[in-house]
file my_file08.txt (compact mmCIF, C-alpha atoms)
# COMPACT_ATOMS: atom_id res chain seq x y z
CA MET A 1 0.00 0.00 0.00
CA ILE A 2 1.25 3.49 -0.90
CA LYS A 3 1.30 5.93 2.03
CA SER A 4 2.89 9.26 2.85
CA TYR A 5 5.60 10.12 5.37
CA GLY A 6 3.07 12.06 7.47
CA GLN A 7 0.53 9.22 7.35
CA MET A 8 3.14 6.77 8.61
CA ILE A 9 3.92 8.91 11.65
CA ASN A 10 0.21 9.11 12.50
CA GLU A 11 -0.31 5.39 11.89
CA THR A 12 2.68 4.40 14.01
CA LEU A 13 1.63 6.64 16.90
CA ASP A 14 -1.86 5.12 16.69
CA GLU A 15 -0.54 1.53 16.69
CA GLU A 16 1.83 2.09 19.60
CA MET A 17 -0.74 3.98 21.71
CA GLU A 18 -3.25 1.21 21.21
CA LYS A 19 -0.73 -1.40 22.39
CA ASP A 20 0.79 0.55 25.28
CA LYS A 21 -1.39 2.56 27.68
CA SER A 22 1.69 4.25 29.19
CA ILE A 23 2.25 6.26 25.98
CA PHE A 24 0.81 9.77 25.81
CA LEU A 25 1.35 12.74 23.47
CA ILE A 26 1.78 16.37 24.51
CA GLY A 27 2.55 19.49 22.49
CA GLU A 28 1.21 22.78 21.18
CA ASP A 29 -1.98 22.37 19.11
CA ILE A 30 -1.50 18.60 18.67
CA GLY A 31 -4.95 17.74 20.07
CA VAL A 32 -8.08 19.47 18.79
CA TYR A 33 -6.25 21.04 15.83
CA GLY A 34 -4.31 17.86 14.98
CA GLY A 35 -0.89 19.49 14.93
CA CYS A 36 0.63 22.31 12.89
CA PHE A 37 1.14 19.90 9.96
CA GLY A 38 -1.89 17.68 10.66
CA ILE A 39 0.24 14.76 11.80
CA THR A 40 -1.75 13.90 14.96
CA LYS A 41 -5.23 14.32 13.43
CA GLY A 42 -7.79 11.89 14.85
CA LEU A 43 -5.71 10.79 17.85
CA TYR A 44 -7.21 13.34 20.27
CA GLU A 45 -10.69 11.89 19.79
CA LYS A 46 -9.54 8.26 19.91
CA TYR A 47 -7.31 8.51 22.99
CA LYS A 48 -9.18 10.75 25.41
CA GLY A 49 -6.87 12.24 28.01
CA ARG A 50 -3.71 10.86 26.37
CA VAL A 51 -3.29 13.52 23.65
CA ILE A 52 -2.71 16.79 25.47
CA ASP A 53 -2.75 20.34 24.12
CA SER A 54 -0.04 22.12 26.07
CA PRO A 55 0.52 25.79 26.92
CA MET A 56 2.91 27.62 24.60
CA SER A 57 6.02 26.72 26.60
CA GLU A 58 8.56 24.32 25.14
CA ALA A 59 10.37 24.24 28.50
CA ALA A 60 7.18 23.17 30.30
CA ILE A 61 6.38 20.49 27.70
CA THR A 62 9.85 18.98 27.95
CA GLY A 63 10.09 19.22 31.74
CA LEU A 64 6.76 17.41 32.08
CA GLY A 65 7.92 14.80 29.56
CA ILE A 66 11.17 14.12 31.42
CA GLY A 67 9.39 13.77 34.76
CA ALA A 68 6.76 11.45 33.31
CA ALA A 69 9.41 9.30 31.60
CA MET A 70 11.36 8.94 34.85
CA ASN A 71 8.19 7.76 36.57
CA GLY A 72 7.29 4.90 34.25
CA LEU A 73 5.32 6.59 31.45
CA LYS A 74 6.35 6.90 27.78
CA PRO A 75 5.79 10.50 26.70
CA ILE A 76 6.07 11.51 23.05
CA ILE A 77 6.33 15.28 22.94
CA GLU A 78 6.18 17.55 19.92
CA ILE A 79 8.21 20.74 19.55
CA MET A 80 6.42 22.62 16.78
CA PHE A 81 9.54 23.82 14.92
CA MET A 82 13.16 22.77 15.33
CA ASP A 83 14.19 26.38 15.91
CA PHE A 84 12.46 26.13 19.30
CA MET A 85 14.74 23.28 20.42
CA THR A 86 16.97 26.08 21.73
CA LEU A 87 14.28 26.72 24.36
CA ILE A 88 14.67 23.20 25.77
CA TYR A 89 18.45 22.93 25.63
CA ASP A 90 18.76 23.18 29.42
CA GLN A 91 16.28 20.32 29.95
CA LEU A 92 18.12 18.17 27.42
CA PHE A 93 21.69 18.93 28.51
CA ASN A 94 21.24 19.18 32.29
CA HIS A 95 18.32 16.81 32.88
CA ALA A 96 17.16 14.27 30.28
CA SER A 97 20.65 13.25 29.20
CA ILE A 98 22.27 12.80 32.61
CA PHE A 99 19.90 10.86 34.89
CA SER A 100 21.04 7.49 33.54
CA TYR A 101 24.67 8.42 34.28
CA LEU A 102 23.89 9.89 37.72
CA SER A 103 21.94 6.80 38.76
CA ASN A 104 24.42 4.26 37.35
CA GLY A 105 21.76 3.14 34.86
CA GLU A 106 18.96 2.66 37.41
CA ILE A 107 16.91 5.61 36.09
CA SER A 108 16.02 5.77 32.41
CA VAL A 109 14.30 8.54 30.47
CA PRO A 110 12.32 6.91 27.61
CA LEU A 111 11.30 10.21 26.04
CA VAL A 112 10.68 10.76 22.31
CA ILE A 113 10.83 14.33 21.01
CA ARG A 114 9.22 14.73 17.59
CA VAL A 115 10.26 17.87 15.77
CA PRO A 116 9.69 19.22 12.23
CA ALA A 117 12.87 20.70 10.72
CA GLY A 118 14.26 22.27 7.59
CA ALA A 119 13.76 25.06 5.12
CA GLY A 120 11.80 25.23 1.87
CA ARG A 121 8.32 26.21 3.04
CA GLY A 122 8.89 29.97 3.28
CA TYR A 123 8.54 30.12 7.05
CA GLY A 124 11.44 32.52 7.55
CA THR A 125 14.59 32.41 9.64
CA THR A 126 13.03 31.45 12.98
CA HIS A 127 10.99 28.52 11.64
CA SER A 128 13.35 26.88 9.13
CA LYS A 129 16.45 25.65 10.97
CA THR A 130 17.96 22.19 11.08
CA LEU A 131 19.73 22.22 14.45
CA VAL A 132 21.29 18.78 14.41
CA SER A 133 24.91 19.54 15.31
CA PRO A 134 24.28 21.33 18.66
CA LEU A 135 22.01 18.44 19.70
CA MET A 136 24.54 15.87 18.49
CA HIS A 137 26.97 17.29 21.05
CA ILE A 138 24.82 16.19 24.02
CA PRO A 139 25.89 12.84 25.55
CA GLY A 140 23.20 10.25 26.24
CA ILE A 141 20.76 11.37 23.55
CA LYS A 142 19.95 9.61 20.27
CA ILE A 143 19.04 11.49 17.07
CA VAL A 144 16.98 9.93 14.26
CA ALA A 145 16.15 11.46 10.86
CA PRO A 146 14.25 9.19 8.42
CA SER A 147 14.25 10.01 4.71
CA ASN A 148 11.22 7.96 3.60
CA PRO A 149 7.83 6.63 4.83
CA THR A 150 8.99 3.02 5.40
CA ASP A 151 11.89 4.13 7.57
CA VAL A 152 9.57 6.46 9.49
CA LYS A 153 7.56 3.52 10.80
CA GLY A 154 10.49 1.26 11.69
CA LEU A 155 12.56 4.03 13.27
CA LEU A 156 9.68 5.60 15.21
CA LYS A 157 8.76 2.22 16.70
CA SER A 158 12.39 1.66 17.74
CA SER A 159 12.56 5.19 19.17
CA ILE A 160 9.46 4.61 21.30
CA LYS A 161 10.89 1.35 22.63
CA ASP A 162 14.28 2.88 23.47
CA LYS A 163 15.10 3.60 27.12
CA ASP A 164 17.04 6.78 26.32
CA PRO A 165 15.81 10.19 25.07
CA VAL A 166 15.40 10.18 21.27
CA ILE A 167 15.06 13.28 19.08
CA PHE A 168 13.00 12.27 16.03
CA ILE A 169 13.56 14.76 13.20
CA GLU A 170 10.87 15.10 10.52
CA HIS A 171 11.74 17.34 7.56
CA LYS A 172 8.75 19.48 6.65
CA LEU A 173 9.20 18.86 2.91
CA LEU A 174 8.99 15.09 3.44
CA TYR A 175 5.50 14.95 4.98
CA GLN A 176 3.84 14.47 1.56
CA GLU A 177 6.46 12.05 0.17
CA LYS A 178 4.81 8.73 -0.72
CA GLN A 179 6.02 5.19 -1.35
CA GLU A 180 4.97 1.56 -1.20
CA ILE A 181 5.26 0.65 2.48
CA LYS A 182 7.26 -2.36 3.64
CA GLU A 183 7.00 -3.49 7.26
CA GLU A 184 10.56 -3.43 8.57
CA ASN A 185 12.14 -3.67 11.98
CA ILE A 186 14.81 -0.96 11.87
CA PRO A 187 17.13 -0.71 14.90
CA LEU A 188 18.59 2.66 15.85
CA GLY A 189 22.21 3.22 14.87
CA LYS A 190 22.06 1.30 11.57
CA ALA A 191 22.65 3.14 8.29
CA LYS A 192 21.66 1.77 4.88
CA ILE A 193 23.15 1.77 1.39
CA VAL A 194 20.25 2.96 -0.78
CA LYS A 195 22.20 2.99 -4.06
CA GLU A 196 25.33 1.06 -4.92
CA GLY A 197 28.21 2.59 -6.86
CA GLY A 198 31.97 2.59 -7.26
CA ASP A 199 33.29 6.07 -8.11
CA ILE A 200 32.29 8.15 -5.08
CA LEU A 201 30.44 7.63 -1.80
CA VAL A 202 27.77 10.18 -0.86
CA ILE A 203 26.57 10.21 2.76
CA SER A 204 23.40 12.06 3.76
CA TYR A 205 20.10 11.84 5.65
CA SER A 206 16.52 13.18 5.73
CA LYS A 207 15.45 15.45 2.82
CA THR A 208 18.97 15.97 1.44
CA LEU A 209 19.24 12.19 0.97
CA LEU A 210 16.51 12.40 -1.70
CA ASP A 211 18.34 15.29 -3.38
CA CYS A 212 21.52 13.18 -3.44
CA LEU A 213 19.67 10.25 -5.01
CA ASP A 214 18.30 12.51 -7.77
CA VAL A 215 21.81 13.76 -8.59
CA ALA A 216 23.29 10.25 -8.37
CA ASN A 217 20.71 8.85 -10.80
CA ASN A 218 21.45 11.68 -13.26
CA LEU A 219 25.20 11.07 -12.96
CA ASP A 220 24.64 7.41 -13.84
CA LYS A 221 23.64 8.60 -17.32
CA GLU A 222 27.01 10.37 -17.60
CA GLY A 223 28.95 7.28 -16.59
CA VAL A 224 29.66 8.32 -12.98
CA SER A 225 28.78 5.59 -10.48
CA VAL A 226 27.65 7.05 -7.14
CA GLU A 227 27.06 5.05 -3.96
CA VAL A 228 24.53 6.69 -1.62
CA LEU A 229 24.39 5.93 2.10
CA ASP A 230 21.42 6.98 4.24
CA LEU A 231 22.52 7.56 7.85
CA ARG A 232 18.94 7.18 9.20
CA THR A 233 20.33 7.55 12.73
CA ILE A 234 22.68 10.53 13.16
CA LYS A 235 23.55 9.63 16.73
CA PRO A 236 24.91 7.05 17.19
CA LEU A 237 26.54 6.97 13.75
CA ASP A 238 26.95 3.62 12.03
CA MET A 239 30.71 3.94 11.67
CA ASP A 240 31.11 0.24 10.81
CA LEU A 241 29.14 0.64 7.57
CA ILE A 242 30.63 4.08 6.82
CA LYS A 243 34.15 2.69 7.23
CA LYS A 244 33.37 -0.31 5.02
CA CYS A 245 32.03 1.95 2.24
CA VAL A 246 34.98 4.36 2.50
CA GLU A 247 37.47 1.49 2.28
CA LYS A 248 35.68 0.20 -0.84
CA ILE A 249 35.48 3.52 -2.72
CA GLY A 250 37.98 5.95 -1.16
CA LYS A 251 36.23 9.18 -2.16
CA VAL A 252 33.56 10.68 0.10
CA LEU A 253 31.08 13.55 -0.17
CA ILE A 254 28.83 14.37 2.81
CA VAL A 255 25.67 16.42 2.27
CA GLU A 256 23.59 18.01 5.04
CA GLU A 257 21.18 20.88 5.56
CA GLY A 258 22.90 22.49 8.50
CA TYR A 259 26.02 24.32 9.62
CA SER A 260 29.42 23.68 8.04
CA THR A 261 31.28 24.74 11.19
CA CYS A 262 31.09 22.01 13.86
CA GLY A 263 28.46 20.24 11.73
CA VAL A 264 27.36 16.65 11.20
CA SER A 265 29.67 16.47 8.17
CA SER A 266 32.65 17.72 10.21
CA GLU A 267 32.07 14.97 12.79
CA ILE A 268 31.80 12.22 10.17
CA ILE A 269 34.94 13.42 8.38
CA ALA A 270 36.82 13.47 11.68
CA LYS A 271 35.68 9.93 12.51
CA ILE A 272 36.63 8.70 9.01
CA ASN A 273 40.12 10.17 9.45
CA GLU A 274 40.42 8.60 12.91
CA SER A 275 39.49 5.23 11.40

call {"tool": "encode", "arguments": {"input": "my_file08.txt", "output": "structure tokens"}}
result
Amino acid sequence: MIKSYGQMINETLDEEMEKDKSIFLIGEDIGVYGGCFGITKGLYEKYKGRVIDSPMSEAAITGLGIGAAMNGLKPIIEIMFMDFMTLIYDQLFNHASIFSYLSNGEISVPLVIRVPAGAGRGYGTTHSKTLVSPLMHIPGIKIVAPSNPTDVKGLLKSSIKDKDPVIFIEHKLLYQEKQEIKEENIPLGKAKIVKEGGDILVISYSKTLLDCLDVANNLDKEGVSVEVLDLRTIKPLDMDLIKKCVEKIGKVLIVEEGYSTCGVSSEIIAKINES
């Protein structure tokens, strides 16, 4: 069956909430309105009291989520735009990420933070950022960024089951992307070769992965063979697969929608050189 990226998020949330009564959703306008991008439509009516419209305070949403996660619930919170992740940096850096370390693993924080990211919709400078690298710096947090509807389902299910905080990045331009859905169990931390090649390795994730595939397919017609690797999980990186691909091809291009200074690309290049 062909379904969209946005549909798969909604469907996965529905399936997991039906199975597990400890899961609840909280965020700005995610209830009655169904979310800024319509992703949670229908869930407010189906799961009374478990889909919560919050006040306009990212800090409050995240603080409540952390506390609930530490006390046996499984909160899935939504931050309306990735730009507003700066408003929860204290909760992430000084709270969510450290309790497992402070308690010697006895306290876990199974919190999923869904967040739309990226430019291209004309929302301006304060609603179009892709703030992956500053979040990547925080120990104890996982970062996931699916590029297609099938991966959305597998990765979101794995994120919900994880005992650590997971930031689940959804590029706004991907919500309407459609494909034939395959049911796959996709563990966090595992990248995937989505196109094989021999002349150059291109590493990317999320929306830019699709851009890379378009270019790679066009280069095929010119006799240039491009291998494309989808990170899927940005933290932890699948360095085993990256290293294997680099050893095979030797030439690497990394493409991201983010900052070149201290960026995701910089980190991958550093790790490749270390290896």

call {"tool": "atom_distance", "arguments": {"input": "my_file08.txt", "atom1": "atom CA of Gly120 of chain A", "atom2": "atom CA of Leu155 of chain A"}}
result
24.1 Å

call {"tool": "residues_around", "arguments": {"input": "my_file08.txt", "residues": "Glu45 of chain A", "least_positions_apart": "5", "cutoff": "9 Å", "atoms": "all atoms listed in the file", "output": "list in words"}}
result
Gly31, Val32 and Val51 of chain A

call {"tool": "atom_distance", "arguments": {"input": "my_file08.txt", "atom1": "atom CA of Pro116 of chain A", "atom2": "atom CA of Gly42 of chain A"}}
result
19.1 Å

call {"tool": "residues_around", "arguments": {"input": "my_file08.txt", "residues": "segment 169-172 of chain A", "least_positions_apart": "5", "cutoff": "9 Å", "atoms": "all atoms listed in the file", "output": "PyMOL selection string"}}
result
chain A and resi 5-6+37+82+113-121+130+132+143-147+152+206-207

call {"tool": "closest_residue", "arguments": {"input": "my_file08.txt", "among": "A:Ser266, A:Gln91, A:Ser159, A:Ser108", "to": "Leu73 of chain A", "atoms": "all atoms listed in the file"}}
result
A:Ser108

call {"tool": "closest_residue", "arguments": {"input": "my_file08.txt", "among": "A:Asp14, A:Asp90, A:Glu106, A:Asp220", "to": "Ile66 of chain A", "atoms": "all atoms listed in the file"}}
result
A:Asp90

call {"tool": "atom_distance", "arguments": {"input": "my_file08.txt", "atom1": "atom CA of Ile268 of chain A", "atom2": "atom CA of Ile242 of chain A"}}
result
8.9 Å

call {"tool": "closest_atom_pairs", "arguments": {"input": "my_file08.txt", "of": "segment 98-172 of chain A", "to": "segment 181-204 of chain A", "cutoff": "12 Å", "atoms": "all atoms listed in the file", "output": "JSON lines"}}
result
{"residue": "A:Ile141", "atom": "CA", "partner": "A:Leu188", "partner_atom": "CA", "distance": 11.8}
{"residue": "A:Lys142", "atom": "CA", "partner": "A:Leu188", "partner_atom": "CA", "distance": 8.3}
{"residue": "A:Ile143", "atom": "CA", "partner": "A:Leu188", "partner_atom": "CA", "distance": 8.9}
{"residue": "A:Val144", "atom": "CA", "partner": "A:Leu188", "partner_atom": "CA", "distance": 7.6}
{"residue": "A:Ala145", "atom": "CA", "partner": "A:Ser204", "partner_atom": "CA", "distance": 10.2}
{"residue": "A:Pro146", "atom": "CA", "partner": "A:Ala191", "partner_atom": "CA", "distance": 10.4}
{"residue": "A:Ser147", "atom": "CA", "partner": "A:Ser204", "partner_atom": "CA", "distance": 9.4}
{"residue": "A:Asn148", "atom": "CA", "partner": "A:Ile181", "partner_atom": "CA", "distance": 9.5}
{"residue": "A:Pro149", "atom": "CA", "partner": "A:Ile181", "partner_atom": "CA", "distance": 6.9}
{"residue": "A:Thr150", "atom": "CA", "partner": "A:Ile181", "partner_atom": "CA", "distance": 5.3}
{"residue": "A:Asp151", "atom": "CA", "partner": "A:Ile186", "partner_atom": "CA", "distance": 7.3}
{"residue": "A:Val152", "atom": "CA", "partner": "A:Ile186", "partner_atom": "CA", "distance": 9.4}
{"residue": "A:Lys153", "atom": "CA", "partner": "A:Glu183", "partner_atom": "CA", "distance": 7.9}
{"residue": "A:Gly154", "atom": "CA", "partner": "A:Ile186", "partner_atom": "CA", "distance": 4.9}
{"residue": "A:Leu155", "atom": "CA", "partner": "A:Ile186", "partner_atom": "CA", "distance": 5.7}
{"residue": "A:Leu156", "atom": "CA", "partner": "A:Ile186", "partner_atom": "CA", "distance": 9.0}
{"residue": "A:Lys157", "atom": "CA", "partner": "A:Asn185", "partner_atom": "CA", "distance": 8.3}
{"residue": "A:Ser158", "atom": "CA", "partner": "A:Pro187", "partner_atom": "CA", "distance": 6.0}
{"residue": "A:Ser159", "atom": "CA", "partner": "A:Leu188", "partner_atom": "CA", "distance": 7.3}
{"residue": "A:Ile160", "atom": "CA", "partner": "A:Leu188", "partner_atom": "CA", "distance": 10.8}
{"residue": "A:Lys161", "atom": "CA", "partner": "A:Pro187", "partner_atom": "CA", "distance": 10.1}
{"residue": "A:Asp162", "atom": "CA", "partner": "A:Leu188", "partner_atom": "CA", "distance": 8.8}
{"residue": "A:Lys163", "atom": "CA", "partner": "A:Leu188", "partner_atom": "CA", "distance": 11.8}
{"residue": "A:Asp164", "atom": "CA", "partner": "A:Leu188", "partner_atom": "CA", "distance": 11.4}
{"residue": "A:Val166", "atom": "CA", "partner": "A:Leu188", "partner_atom": "CA", "distance": 9.8}
{"residue": "A:Ile167", "atom": "CA", "partner": "A:Leu188", "partner_atom": "CA", "distance": 11.6}
{"residue": "A:Phe168", "atom": "CA", "partner": "A:Leu188", "partner_atom": "CA", "distance": 11.1}

call {"tool": "closest_residue", "arguments": {"input": "my_file08.txt", "among": "A:Pro236, A:Glu247, A:Asp211, A:His137", "to": "Cys262 of chain A", "atoms": "all atoms listed in the file"}}
result
A:His137

call {"tool": "residues_around", "arguments": {"input": "my_file08.txt", "residues": "Ile23 of chain A", "least_positions_apart": "2", "cutoff": "9 Å", "atoms": "only C-alpha atoms", "output": "PyMOL selection string"}}
result
chain A and resi 16-21+25+50+73-76+160

call {"tool": "closest_residue", "arguments": {"input": "my_file08.txt", "among": "A:Ala59, A:Gly105, A:Leu174, A:Lys46", "to": "Ile9 of chain A", "atoms": "all atoms listed in the file"}}
result
A:Leu174

call {"tool": "residues_around", "arguments": {"input": "my_file08.txt", "residues": "Asp29 of chain A", "least_positions_apart": "4", "cutoff": "9 Å", "atoms": "only C-alpha atoms", "output": "PyMOL selection string"}}
result
chain A and resi 33-36+52-55+80

call {"tool": "closest_residue", "arguments": {"input": "my_file08.txt", "among": "A:Pro134, A:Gly65, A:Gly263, A:Gly49", "to": "Pro110 of chain A", "atoms": "all atoms listed in the file"}}
result
A:Gly65
